[in-house]
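Have a look at the structure below before the remarks.
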Amino acid sequence: MRNRFTVTTLAAAVLALIVLAVLLAPWISPYPPAEQNLAERLAPPSAAHWLGTDNLGRDTLSRILEGGRFSMSVAALATLLTCLLGVAIGILSARRRGWVDEFLTRSNDVLLALPEMVVALFIVAALGTGFGPLLLALVVTGWTPFARLARTLAYDVSARGFVDAARVVGCPPSFIVFRHVLPHLAAPILGQATLRFGHLLISVGALSYLGLGVQPPQSDWGSMLAAAQPFADRAPMGILAPGLVIFTVALCVTLIGQRAAHIAAAPLLMPQAADK
Amino acid sequence: MSPVGTRLVLEGLEVRQASAGGGAPGKRLLSGVSLSVDPGEFVALVGSSGSGKTLTAMSCLRLLPPGLDITGGSITLNGLDLVQAPEHQLNSIRGGRLGMLFQQPKRMFNPNRTIEQHLKEPLRLHAGLRGGKARTKALELLEEVGFADPGKGIRAYPHQLSGGMAQRAMTAVALAGQPGMLLADEPTSALDKVLERQILQLLDRERKERGLGILYITHNIASVAAYADRVLVMNSGSIVEAAPVGELLTRPKTDYSRQLLAAARLAPESRRRPPSRERDILVLDRVGKHFGPRRKLGHAALHDVSLALRRGEILGVLGQSGSGKSTLAKAIVGLEAASTGSIARQLDAAGPREATAVQLVFQEPHSAFDPRMTLRTSLQAPLLPHRELSPGERAARIAAAMQEVELDPSLLDKRPGQCSGGQLQRATIARALLLEPQVLICDEATSALDALTQRTILNLLLRLQRERNLSLIVISHDMDVVRYMCDRVAVLLEGQVVEVAETKDFFAAPQHEHSQALVSASIPCRADGLWTVLEAAKP
Amino acid sequence: MLQFITKRTATLVAAVLVSSFAVFLIPYFTPGDPVRKIIRSRVAGDAIDDSAVQGLSESLGLDDPLAVQYFRWLADFFSGDMGLSFVSRTPVAEQVLPALSVTLSLVLMSLGLAAALSLPLGIISGLRPGSTADKAITAITQALIAMPEYWVAPVLVLVFALKLSILPTAGWNDLSSAVLPALTLALRPISFFTSAVRAGIIDAAAAEHVPAARARGLSQGQAILRHVVPNGLVPLSTLFAVWFAGLLGGSVIVEVIFAVPGMGRLLFDAVVNSDIPLAQGGVVVVVALAVGVTTLADFVHRFLSRTVGGTLA
């Protein structure tokens, strides 16, 4: 128990550090991220360039700090949107039942079966590249896990006596949704949201890696990786560093999210009978 | 041949939780449990839940849950020390000489395997039978335990069996190893009275024919009276009293035994008043409820249910699980819309909002409250739509309701997890009273409670009925509860009302076949004093 | 059961119709003149002069109502006429089908690899939760989820192809060229399968029928072998199908990095080159296949849970 707690704490600390560094990038990065220094192309890590330089002699560390903004903000925004959308749909589904539930659940099933990357490619093909299409591509398929979880949980809550009890004594539906259902959803949904953030971060990187996300001259971790790949043999740090950052952030949120989901699964849901 | 003449002896058995480290011994769960069961003897081990009965049985099999250890005493089976025996020897004893019956038969089968596969395990391990021979023997066993069509039963998966059939199959599996001693852990508590009697008669026959020794674990005093030779009373991990059945039932020595017995002896209520010919307050006219193929488990349909509840009356609805009792309760309070027919409320005009004039008391008090809310929040909720009330008036109403159900106001700041089932059931009633209901539906309101608490809740309901002139519908599978509480009885069978009668007439001369089976199976111990029952029911 | 099958099949058809309709509309909401684009996907030859457009538009029925055009397009599509690629000027079907077979074999290899690894790992982990082995395996599965393929793949290439020179960097020629793509693609399924098997085993081991089996005289090992492991693996069947569907369209990155001529690569090229007919063909085929496999998995799950007596709701 104690062990897991420290692992989660460590993950949270590392995550906080990375987020802070990315936010403070303009003030703390050692070089302007776009500054080229052709004399020092593909330099290995050194005291001057902690993570080396790329093929144009730009400082890799500075570019990672700058690139994180795009990756993380898109992923965070997409997480927020999918979470709100999914929870609303899930609760609606569970509360309305009948054909509304049937329709929403089937749509969910279908979207879940659609390969995420294919949908993203399709949207980019149709609407072109950029921030908006990228966000749309992530949201269109991304809400489904939230809806599924929220629906299951809301169903579970609704099946328990206290919701029936509330209905019998004449509590308004808003009371049932906001006081009974949502509080029971909060922790598992939060856990899911952190897990999804990690997943979406990787997806953003993937689309940028393919050249369908961030567009030059802007860059993010995925596009940096793609740009450095032809030179991987000479300057391996160019692919190692951005990938490692994505991996670290994704791992940290996964650890935190699983811990949150774990805590959420245990608690008050199963009351201990206190009968003598 | 079966090892006839198996004797089980426990001496000073002690079970503790594994110490949490640091050398301090873990919590003691069983202390100094001594008992013996002779060949062909039927020994009952009674006590309320959590008293350590099941733990005692699992200790005999050396199958304690992880984290629990036998820390003292001995368990011997025909002189063989089971505490010291090596694992491979235990494997040949478990399910062989020492069999076990479990409480929830359905959950004790592997859902992915057929009854045949379950039966063949002990047959192979303990009787050395395989293939065709094992199958023949398995069919024999199923026939013996009362399967009408063993050839069909043997192919069934556990979920395809009814509760009664599953317990029969479990009995067949237990008998397959030809045990000399059977540990029966509440084998009938999930079954209705008719099935309970059949299973117990089956076990009784085995002991008479084969000299099977039985350690029968139960909290059901009536069945003890009918079958047991000796009774052991267990409380908080110790045996507090041991006596022949007649002696214990008539002259219990400890307070705890007296409590258990008193709880089992619900005298029929001396009539509160002659059932008056009041007008009807609730009329159900050919109410039907149909579910599509996606119906949830536990939701049974209703067919043309016509019933009238008179004002100030207590009407009992008697039904087994799956008879549609809960569906009926939900339809009456409006949680589920009826598919056909009508439910008319003819309320007193003076009452509050019509929508909440019919209230429900739930079966599971723990699930009737949101575990995250304090009782105060939960009790405030029904008053939310009543905007005309000031905060002070609300608090006063809640306090009054708490007082009416005899609950301490300090409980209001507790969460459901910190309260007992009895307290919560009172709180459920208080919550219903806040809305000044005219009709109260009690859906198995006391079946989740122990006998002592059950009795106090029933008396509370009776008092409230008297003081507020409530009309009550008491829905239950428990004949004793219905007999104790109700003026009239309606019998629900597979969603249909098959009989409605005055309580007295019903128990004296039930008309419908199903009613007759129910009445004859409910050993009338609580009505006529235990001794007479003992005499009458002893086969 | 019959109603369930009908319902799911209806959903399947609806899904294919809706997604194919969206795909059909691509020429209309992408930049440029839709009529010209459609003609270009239907008529061989490179330059079409303005005078011919009117005639071709009529002969192709481009003035018909959209619904009519859609169903004509769909009928053509499923009879094998998926139009002409803008780039290669060859029929799309001739590109899609070989690409599909490449992706199918890649996905099957990955899933086979994932199953082979995650079964033992999950069982070891699930039988002794909290043990050192379990902690190590859980840590690995958590790490695998967090590893982006576009990072793992270049690193694997760097190590095995460029530094050690024991495997080819890219291409799709023999088995050795399939090792790195299959391995990269298998990472996430390994993680999910292992967790699923672990959870399944833990659930199965906690079931009350296990001590009941011990009470019949089965040894610990026999009880695990007969009553824990088989029950614990039931959920895996559905997961396998879900991932099969998922990887069909999820292999884009891997195929691009390793230059595997599969569906992912095809879709990517189509998007990059604005090759609308090719994208249409690829998307519809992948989606139809994915939805089909998922539906099939639902049937299998339904069948299994009927015998299991799981939720009938």
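Simple scheme: letters A, B, ... for chains in structure tokens order, numbers from 1 for residues in each chain, numbers from 1 for ligands in the order shown.
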
What residues in chain B have any atom no more than 8 Å from chain A when counting only C-alpha atoms, and can you write them as a PDB file with N, CA and C atoms, in the first residue's frame?
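Written file, out19.pdb:
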ATOM      1  N   VAL B 333     -46.410   1.903  -6.059  1.00  0.00           N
ATOM      2  CA  VAL B 333     -45.890   3.223  -5.698  1.00  0.00           C
ATOM      3  C   VAL B 333     -45.555   4.063  -6.923  1.00  0.00           C
ATOM      4  N   GLY B 334     -45.626   3.451  -8.104  1.00  0.00           N
ATOM      5  CA  GLY B 334     -45.415   4.241  -9.313  1.00  0.00           C
ATOM      6  C   GLY B 334     -43.986   4.245  -9.824  1.00  0.00           C
ATOM      7  N   LEU B 335     -43.139   3.345  -9.296  1.00  0.00           N
ATOM      8  CA  LEU B 335     -41.770   3.273  -9.816  1.00  0.00           C
ATOM      9  C   LEU B 335     -41.752   2.620 -11.192  1.00  0.00           C
ATOM     10  N   ALA B 355     -48.995  12.516  -5.035  1.00  0.00           N
ATOM     11  CA  ALA B 355     -47.906  11.732  -5.611  1.00  0.00           C
ATOM     12  C   ALA B 355     -47.128  10.955  -4.545  1.00  0.00           C
ATOM     13  N   THR B 356     -47.020  11.515  -3.356  1.00  0.00           N
ATOM     14  CA  THR B 356     -46.187  10.857  -2.357  1.00  0.00           C
ATOM     15  C   THR B 356     -47.026  10.270  -1.218  1.00  0.00           C
ATOM     16  N   GLN B 359     -46.244   5.329   0.154  1.00  0.00           N
ATOM     17  CA  GLN B 359     -44.803   5.222   0.380  1.00  0.00           C
ATOM     18  C   GLN B 359     -44.361   3.772   0.477  1.00  0.00           C
ATOM     19  N   LEU B 360     -43.050   3.594   0.299  1.00  0.00           N
ATOM     20  CA  LEU B 360     -42.503   2.243   0.214  1.00  0.00           C
ATOM     21  C   LEU B 360     -41.412   2.062   1.263  1.00  0.00           C
ATOM     22  N   PHE B 362     -38.275  -0.412   1.956  1.00  0.00           N
ATOM     23  CA  PHE B 362     -37.540  -1.338   1.104  1.00  0.00           C
ATOM     24  C   PHE B 362     -37.029  -2.554   1.861  1.00  0.00           C
ATOM     25  N   GLU B 364     -33.877  -3.917   1.433  1.00  0.00           N
ATOM     26  CA  GLU B 364     -32.484  -3.788   1.840  1.00  0.00           C
ATOM     27  C   GLU B 364     -32.271  -2.410   2.427  1.00  0.00           C
ATOM     28  N   HIS B 366     -29.792  -1.073   3.741  1.00  0.00           N
ATOM     29  CA  HIS B 366     -28.497  -0.464   3.420  1.00  0.00           C
ATOM     30  C   HIS B 366     -28.474   0.163   2.042  1.00  0.00           C
ATOM     31  N   SER B 367     -29.246  -0.400   1.109  1.00  0.00           N
ATOM     32  CA  SER B 367     -29.209   0.176  -0.232  1.00  0.00           C
ATOM     33  C   SER B 367     -30.230   1.292  -0.383  1.00  0.00           C
ATOM     34  N   ALA B 368     -31.089   1.471   0.614  1.00  0.00           N
ATOM     35  CA  ALA B 368     -32.119   2.502   0.480  1.00  0.00           C
ATOM     36  C   ALA B 368     -31.580   3.893   0.776  1.00  0.00           C
ATOM     37  N   PHE B 369     -30.315   3.958   1.217  1.00  0.00           N
ATOM     38  CA  PHE B 369     -29.706   5.263   1.483  1.00  0.00           C
ATOM     39  C   PHE B 369     -28.415   5.399   0.696  1.00  0.00           C
ATOM     40  N   ASP B 370     -28.194   6.587   0.174  1.00  0.00           N
ATOM     41  CA  ASP B 370     -26.950   6.846  -0.538  1.00  0.00           C
ATOM     42  C   ASP B 370     -25.794   6.793   0.466  1.00  0.00           C
ATOM     43  N   PRO B 371     -24.826   5.891   0.228  1.00  0.00           N
ATOM     44  CA  PRO B 371     -23.755   5.731   1.211  1.00  0.00           C
ATOM     45  C   PRO B 371     -22.924   6.992   1.419  1.00  0.00           C
ATOM     46  N   ARG B 372     -23.000   7.936   0.470  1.00  0.00           N
ATOM     47  CA  ARG B 372     -22.193   9.140   0.618  1.00  0.00           C
ATOM     48  C   ARG B 372     -22.882  10.220   1.428  1.00  0.00           C
ATOM     49  N   ALA B 381     -34.082  15.401   1.732  1.00  0.00           N
ATOM     50  CA  ALA B 381     -34.419  15.351   0.311  1.00  0.00           C
ATOM     51  C   ALA B 381     -35.927  15.343   0.034  1.00  0.00           C
ATOM     52  N   PRO B 382     -36.713  14.497   0.729  1.00  0.00           N
ATOM     53  CA  PRO B 382     -38.141  14.480   0.394  1.00  0.00           C
ATOM     54  C   PRO B 382     -38.838  15.812   0.651  1.00  0.00           C
ATOM     55  N   LEU B 384     -37.525  18.740  -0.019  1.00  0.00           N
ATOM     56  CA  LEU B 384     -37.046  19.771  -0.943  1.00  0.00           C
ATOM     57  C   LEU B 384     -38.153  20.387  -1.796  1.00  0.00           C
ATOM     58  N   PRO B 385     -39.022  19.562  -2.380  1.00  0.00           N
ATOM     59  CA  PRO B 385     -40.052  20.189  -3.218  1.00  0.00           C
ATOM     60  C   PRO B 385     -41.052  21.007  -2.413  1.00  0.00           C
ATOM     61  N   PRO B 416     -24.857   5.861   6.185  1.00  0.00           N
ATOM     62  CA  PRO B 416     -25.472   4.533   6.274  1.00  0.00           C
ATOM     63  C   PRO B 416     -24.495   3.440   6.710  1.00  0.00           C
ATOM     64  N   GLY B 417     -23.234   3.542   6.238  1.00  0.00           N
ATOM     65  CA  GLY B 417     -22.265   2.517   6.592  1.00  0.00           C
ATOM     66  C   GLY B 417     -22.018   2.419   8.089  1.00  0.00           C
ATOM     67  N   GLN B 418     -22.347   3.480   8.812  1.00  0.00           N
ATOM     68  CA  GLN B 418     -22.101   3.474  10.266  1.00  0.00           C
ATOM     69  C   GLN B 418     -23.331   3.025  11.048  1.00  0.00           C
ATOM     70  N   CYS B 419     -24.402   2.692  10.349  1.00  0.00           N
ATOM     71  CA  CYS B 419     -25.636   2.343  11.053  1.00  0.00           C
ATOM     72  C   CYS B 419     -25.948   0.856  10.861  1.00  0.00           C
ATOM     73  N   SER B 420     -26.728   0.316  11.762  1.00  0.00           N
ATOM     74  CA  SER B 420     -27.143  -1.074  11.629  1.00  0.00           C
ATOM     75  C   SER B 420     -28.357  -1.149  10.709  1.00  0.00           C
ATOM     76  N   GLY B 421     -28.636  -2.378  10.258  1.00  0.00           N
ATOM     77  CA  GLY B 421     -29.777  -2.577   9.379  1.00  0.00           C
ATOM     78  C   GLY B 421     -31.072  -2.141  10.030  1.00  0.00           C
ATOM     79  N   GLY B 422     -31.226  -2.448  11.298  1.00  0.00           N
ATOM     80  CA  GLY B 422     -32.440  -2.083  12.010  1.00  0.00           C
ATOM     81  C   GLY B 422     -32.605  -0.573  12.086  1.00  0.00           C
ATOM     82  N   ARG B 431     -38.334   8.456   6.921  1.00  0.00           N
ATOM     83  CA  ARG B 431     -38.336   9.231   5.684  1.00  0.00           C
ATOM     84  C   ARG B 431     -39.709   9.180   5.030  1.00  0.00           C
ATOM     85  N   ALA B 432     -40.335   8.002   5.084  1.00  0.00           N
ATOM     86  CA  ALA B 432     -41.667   7.888   4.497  1.00  0.00           C
ATOM     87  C   ALA B 432     -42.678   8.715   5.295  1.00  0.00           C
ATOM     88  N   LEU B 435     -43.586  12.527   4.749  1.00  0.00           N
ATOM     89  CA  LEU B 435     -44.521  12.942   3.710  1.00  0.00           C
ATOM     90  C   LEU B 435     -45.954  12.658   4.099  1.00  0.00           C
TER      91      LEU B 435
END

Return as JSON lines the residues of chain C lying at most 9 Å from chain A, together with the closest atom-to-atom pair for each and the distance in Å to one decimal, counting only C-alpha atoms, with rows in chain order and ascending residue number.
{"residue": "C:Arg8", "atom": "CA", "partner": "A:Arg106", "partner_atom": "CA", "distance": 8.7}
{"residue": "C:Thr11", "atom": "CA", "partner": "A:Arg106", "partner_atom": "CA", "distance": 6.8}
{"residue": "C:Leu12", "atom": "CA", "partner": "A:Val110", "partner_atom": "CA", "distance": 7.7}
{"residue": "C:Ala15", "atom": "CA", "partner": "A:Val110", "partner_atom": "CA", "distance": 6.1}
{"residue": "C:Val23", "atom": "CA", "partner": "A:Phe122", "partner_atom": "CA", "distance": 8.1}
{"residue": "C:Ile26", "atom": "CA", "partner": "A:Ala126", "partner_atom": "CA", "distance": 6.1}
{"residue": "C:Pro27", "atom": "CA", "partner": "A:Ala126", "partner_atom": "CA", "distance": 8.4}
{"residue": "C:Phe29", "atom": "CA", "partner": "A:Ala126", "partner_atom": "CA", "distance": 6.7}
{"residue": "C:Thr30", "atom": "CA", "partner": "A:Ala126", "partner_atom": "CA", "distance": 5.4}
{"residue": "C:Pro31", "atom": "CA", "partner": "A:Ala126", "partner_atom": "CA", "distance": 8.6}
{"residue": "C:Gln142", "atom": "CA", "partner": "A:Leu251", "partner_atom": "CA", "distance": 7.0}
{"residue": "C:Ala143", "atom": "CA", "partner": "A:Leu251", "partner_atom": "CA", "distance": 6.1}
{"residue": "C:Leu144", "atom": "CA", "partner": "A:Leu251", "partner_atom": "CA", "distance": 8.7}
{"residue": "C:Ile145", "atom": "CA", "partner": "A:Leu251", "partner_atom": "CA", "distance": 7.7}
{"residue": "C:Ala146", "atom": "CA", "partner": "A:Ala250", "partner_atom": "CA", "distance": 4.9}
{"residue": "C:Met147", "atom": "CA", "partner": "A:Phe247", "partner_atom": "CA", "distance": 5.3}
{"residue": "C:Pro148", "atom": "CA", "partner": "A:Ile202", "partner_atom": "CA", "distance": 5.9}
{"residue": "C:Glu149", "atom": "CA", "partner": "A:Ala206", "partner_atom": "CA", "distance": 8.2}
{"residue": "C:Tyr150", "atom": "CA", "partner": "A:Ala206", "partner_atom": "CA", "distance": 6.8}
{"residue": "C:Trp151", "atom": "CA", "partner": "A:Gly243", "partner_atom": "CA", "distance": 5.2}
{"residue": "C:Val152", "atom": "CA", "partner": "A:Gly243", "partner_atom": "CA", "distance": 8.2}
{"residue": "C:Pro154", "atom": "CA", "partner": "A:Gln229", "partner_atom": "CA", "distance": 6.9}
{"residue": "C:Val155", "atom": "CA", "partner": "A:Leu240", "partner_atom": "CA", "distance": 7.4}
{"residue": "C:Leu158", "atom": "CA", "partner": "A:Asp233", "partner_atom": "CA", "distance": 6.6}
{"residue": "C:Leu162", "atom": "CA", "partner": "A:Asp233", "partner_atom": "CA", "distance": 6.9}
{"residue": "C:Lys163", "atom": "CA", "partner": "A:Asp233", "partner_atom": "CA", "distance": 8.1}
{"residue": "C:Val242", "atom": "CA", "partner": "A:Ala113", "partner_atom": "CA", "distance": 7.5}
{"residue": "C:Ala245", "atom": "CA", "partner": "A:Ala113", "partner_atom": "CA", "distance": 6.8}
{"residue": "C:Gly246", "atom": "CA", "partner": "A:Pro115", "partner_atom": "CA", "distance": 5.3}
{"residue": "C:Leu247", "atom": "CA", "partner": "A:Pro115", "partner_atom": "CA", "distance": 7.5}
{"residue": "C:Leu248", "atom": "CA", "partner": "A:Pro115", "partner_atom": "CA", "distance": 7.4}
{"residue": "C:Gly249", "atom": "CA", "partner": "A:Pro115", "partner_atom": "CA", "distance": 4.9}
{"residue": "C:Gly250", "atom": "CA", "partner": "A:Met117", "partner_atom": "CA", "distance": 5.8}
{"residue": "C:Ser251", "atom": "CA", "partner": "A:Met117", "partner_atom": "CA", "distance": 8.4}
{"residue": "C:Val252", "atom": "CA", "partner": "A:Met117", "partner_atom": "CA", "distance": 7.2}
{"residue": "C:Ile253", "atom": "CA", "partner": "A:Ala206", "partner_atom": "CA", "distance": 7.2}
{"residue": "C:Val256", "atom": "CA", "partner": "A:Leu210", "partner_atom": "CA", "distance": 8.3}
{"residue": "C:Gly264", "atom": "CA", "partner": "A:Val118", "partner_atom": "CA", "distance": 8.1}
{"residue": "C:Leu267", "atom": "CA", "partner": "A:Leu121", "partner_atom": "CA", "distance": 7.5}
{"residue": "C:Phe268", "atom": "CA", "partner": "A:Leu121", "partner_atom": "CA", "distance": 7.2}
{"residue": "C:Ala270", "atom": "CA", "partner": "A:Ala125", "partner_atom": "CA", "distance": 8.4}
{"residue": "C:Val271", "atom": "CA", "partner": "A:Ala125", "partner_atom": "CA", "distance": 5.2}
{"residue": "C:Val272", "atom": "CA", "partner": "A:Ala125", "partner_atom": "CA", "distance": 7.8}
{"residue": "C:Ser274", "atom": "CA", "partner": "A:Ala125", "partner_atom": "CA", "distance": 6.9}
{"residue": "C:Ile276", "atom": "CA", "partner": "A:Ala125", "partner_atom": "CA", "distance": 8.2}
{"residue": "C:Ala279", "atom": "CA", "partner": "A:Phe122", "partner_atom": "CA", "distance": 7.7}
{"residue": "C:Gln280", "atom": "CA", "partner": "A:Phe122", "partner_atom": "CA", "distance": 8.7}
{"residue": "C:Val283", "atom": "CA", "partner": "A:Val118", "partner_atom": "CA", "distance": 6.7}
{"residue": "C:Val286", "atom": "CA", "partner": "A:Pro115", "partner_atom": "CA", "distance": 8.1}
{"residue": "C:Val287", "atom": "CA", "partner": "A:Leu114", "partner_atom": "CA", "distance": 5.8}
{"residue": "C:Ala288", "atom": "CA", "partner": "A:Leu114", "partner_atom": "CA", "distance": 8.8}
{"residue": "C:Ala290", "atom": "CA", "partner": "A:Ala113", "partner_atom": "CA", "distance": 5.9}
{"residue": "C:Val291", "atom": "CA", "partner": "A:Ala113", "partner_atom": "CA", "distance": 5.3}
{"residue": "C:Gly292", "atom": "CA", "partner": "A:Ala113", "partner_atom": "CA", "distance": 8.7}
{"residue": "C:Val293", "atom": "CA", "partner": "A:Ala113", "partner_atom": "CA", "distance": 8.6}
{"residue": "C:Thr294", "atom": "CA", "partner": "A:Ala113", "partner_atom": "CA", "distance": 6.3}
{"residue": "C:Thr295", "atom": "CA", "partner": "A:Ala113", "partner_atom": "CA", "distance": 8.8}

Any chance you could tabulate, as CSV, the residues of chain B at most 9 Å from chain C with each one's nearest atom pair and distance in Å to one decimal, using only C-alpha atoms, in chain and rising number order?
residue,atom,partner,partner_atom,distance
B:Met58,CA,C:Ala215,CA,8.9
B:Leu61,CA,C:Ala215,CA,6.9
B:Leu63,CA,C:Pro211,CA,7.1
B:Pro65,CA,C:Pro211,CA,8.8
B:Glu87,CA,C:Ser219,CA,8.2
B:His88,CA,C:Ser219,CA,7.6
B:Leu90,CA,C:Gly217,CA,7.7
B:Asn91,CA,C:Gly217,CA,4.6
B:Ser92,CA,C:Gly217,CA,5.9
B:Ile93,CA,C:Gly217,CA,6.8
B:Arg94,CA,C:Gly217,CA,4.5
B:Gly95,CA,C:Arg216,CA,3.8
B:Gly96,CA,C:Gly217,CA,6.9
B:Leu98,CA,C:Ala215,CA,8.6
B:Gly99,CA,C:Arg216,CA,7.1
B:Met100,CA,C:Ala215,CA,6.6
B:Leu101,CA,C:Ala212,CA,8.6
B:Phe102,CA,C:Ala212,CA,7.8
B:Lys106,CA,C:His209,CA,8.8
B:Arg107,CA,C:His209,CA,6.1
B:Met108,CA,C:His209,CA,4.0
B:Phe109,CA,C:His209,CA,5.2
B:Asn110,CA,C:His209,CA,5.7
B:Pro111,CA,C:Val308,CA,5.1
B:Asn112,CA,C:Val308,CA,5.3
B:Arg113,CA,C:Val308,CA,8.5
B:His118,CA,C:Ala213,CA,8.5
B:Glu121,CA,C:Arg216,CA,7.5
B:Pro122,CA,C:Arg216,CA,5.9
B:Leu125,CA,C:Gly217,CA,7.1
B:His126,CA,C:Gly217,CA,8.0
B:Tyr157,CA,C:Thr307,CA,7.0
B:Pro158,CA,C:Gly309,CA,8.2
B:His159,CA,C:Gly309,CA,5.5
B:Gln160,CA,C:Gly309,CA,8.0
B:Val173,CA,C:Arg216,CA,7.9
B:Ala174,CA,C:Arg216,CA,7.2
B:Gly177,CA,C:Arg216,CA,7.8
B:Pro293,CA,C:Ala313,CA,8.3
B:Arg294,CA,C:Ala313,CA,5.2
B:Arg295,CA,C:Ala313,CA,6.4
B:Lys296,CA,C:Ala313,CA,5.6
B:Leu297,CA,C:Ala313,CA,7.4

Write the selection just made, keeping C-alpha atoms, as a short mmCIF file (atom, residue, chain, number, x, y, z; two decimals), in the first residue's frame?
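Written out: selection10.cif:
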data_model
loop_
_atom_site.label_atom_id
_atom_site.label_comp_id
_atom_site.auth_asym_id
_atom_site.auth_seq_id
_atom_site.Cartn_x
_atom_site.Cartn_y
_atom_site.Cartn_z
CA MET B 58 -14.42 -24.47 7.00
CA LEU B 61 -12.12 -28.96 6.01
CA LEU B 63 -10.19 -24.50 3.94
CA PRO B 65 -9.94 -18.06 3.79
CA GLU B 87 -2.35 -31.67 2.30
CA HIS B 88 -2.59 -34.81 0.15
CA LEU B 90 -6.75 -33.77 3.39
CA ASN B 91 -7.53 -33.88 -0.33
CA SER B 92 -8.66 -37.48 -0.01
CA ILE B 93 -10.81 -36.63 3.02
CA ARG B 94 -12.48 -33.49 1.68
CA GLY B 95 -15.49 -34.50 -0.31
CA GLY B 96 -14.75 -38.09 0.63
CA LEU B 98 -16.12 -35.42 5.08
CA GLY B 99 -18.63 -33.76 2.75
CA MET B 100 -19.94 -30.23 2.69
CA LEU B 101 -23.13 -28.52 1.60
CA PHE B 102 -23.08 -24.78 1.00
CA LYS B 106 -25.85 -21.78 -7.44
CA ARG B 107 -22.75 -19.81 -6.63
CA MET B 108 -20.98 -22.96 -5.53
CA PHE B 109 -21.01 -24.44 -9.02
CA ASN B 110 -18.59 -23.46 -11.73
CA PRO B 111 -20.88 -21.66 -14.19
CA ASN B 112 -18.92 -23.00 -17.16
CA ARG B 113 -19.32 -26.66 -16.29
CA HIS B 118 -19.20 -31.52 -11.20
CA GLU B 121 -15.01 -34.99 -9.87
CA PRO B 122 -15.80 -36.60 -6.52
CA LEU B 125 -11.38 -38.77 -6.75
CA HIS B 126 -13.15 -40.72 -4.04
CA TYR B 157 -25.45 -25.88 -16.55
CA PRO B 158 -25.88 -24.52 -13.03
CA HIS B 159 -27.70 -21.39 -14.13
CA GLN B 160 -30.36 -23.53 -15.80
CA VAL B 173 -22.26 -33.89 -5.46
CA ALA B 174 -21.68 -34.03 -1.71
CA GLY B 177 -17.91 -39.08 -2.36
CA PRO B 293 -36.83 -10.03 -23.65
CA ARG B 294 -34.42 -7.51 -22.15
CA ARG B 295 -36.08 -7.65 -18.77
CA LYS B 296 -33.77 -7.36 -15.85
CA LEU B 297 -33.18 -10.37 -13.69
#

Review point. When DSSP works through the backbone of this structure, what residues of segment 95-242 of chain C end up as alpha helix (DSSP H), shown as number ranges by chain?
Key: C: 95-127, 132-145, 149-156, 175-206, 209-215, 220-223, 229-242

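Residue nearest Ala260 of chain A, chosen from A:Gln215, A:Ser223, A:Gln192, A:Ser46 and counting only C-alpha atoms: A:Gln192.
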
Check your understanding: Quick one: distance from atom CA of Ala48 of chain A to atom CA of Pro30 of chain A in Å, one decimal?
Key -> 8.8 Å

Review point. Near segment 81-92 of chain A, within 10 Å and counting only C-alpha atoms, which residues show up once chain neighbours fewer than 5 positions away are dropped, as number ranges by chain?
Key: A: 75-76, 97, 100-101, 104-105, 108, 135-136, 138-155, 177, 181-182, 185-186, 189-190, 192-193, 196

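When atom CA of Gly79 of chain B is paired with atom CA of Ala228 of chain B, their separation reads 24.2 Å.
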
Practice item. Pick out the residues sitting within 9 Å of Ala170 of chain C, and hand them over as a ChimeraX atom specification; count only C-alpha atoms, and ignore anything fewer than 5 positions along from it in its own chain. Key: /C:157,161,177-178,180-181,257-260

Check your understanding: Could you name the residues that touch Tyr256 of chain B at 12 Å or less, counting only C-alpha atoms, but leaving out those on the same chain fewer than 5 positions away, as a VMD selection string?
Key -> chain B and resid 46 to 48 51 232 to 236 238 to 241 248 261 to 263 452

Check your understanding: Could you pull out all residues of segment 207-361 of chain B with a DSSP call of strand (DSSP E) and give them as number ranges by chain?
Key -> B: 213-218, 230-235, 238-244, 280-289, 302-310, 314-318, 340-345, 358-361

**Study point:** Exercise: segment 486-490 of chain B partners within 9 Å, only C-alpha atoms, chain neighbours under 4 positions left out, as an MDAnalysis selection string
**Key:** chainID B and resid 269 271 274:275 307 313:319 472:474 481:482 497:504 506

Point to revise | Nearby residues (only C-alpha atoms) at most 6 Å from segment 402-414 of chain B, same-chain spacing under 3 positions excluded, as a VMD selection string | key: chain B and resid 374 to 376 399 426 430

Residue selection dump (C-alpha atoms) as a compact mmCIF listing (two decimals), in the first residue's frame:
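That gives us again.txt:
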# COMPACT_ATOMS: atom_id res chain seq x y z
CA THR B 374 -25.56 11.61 5.99
CA LEU B 375 -28.98 10.47 7.08
CA ARG B 376 -29.86 14.13 7.61
CA ALA B 399 -36.77 15.44 14.48
CA ARG B 426 -36.34 2.75 11.01
CA ALA B 430 -39.06 7.96 9.17
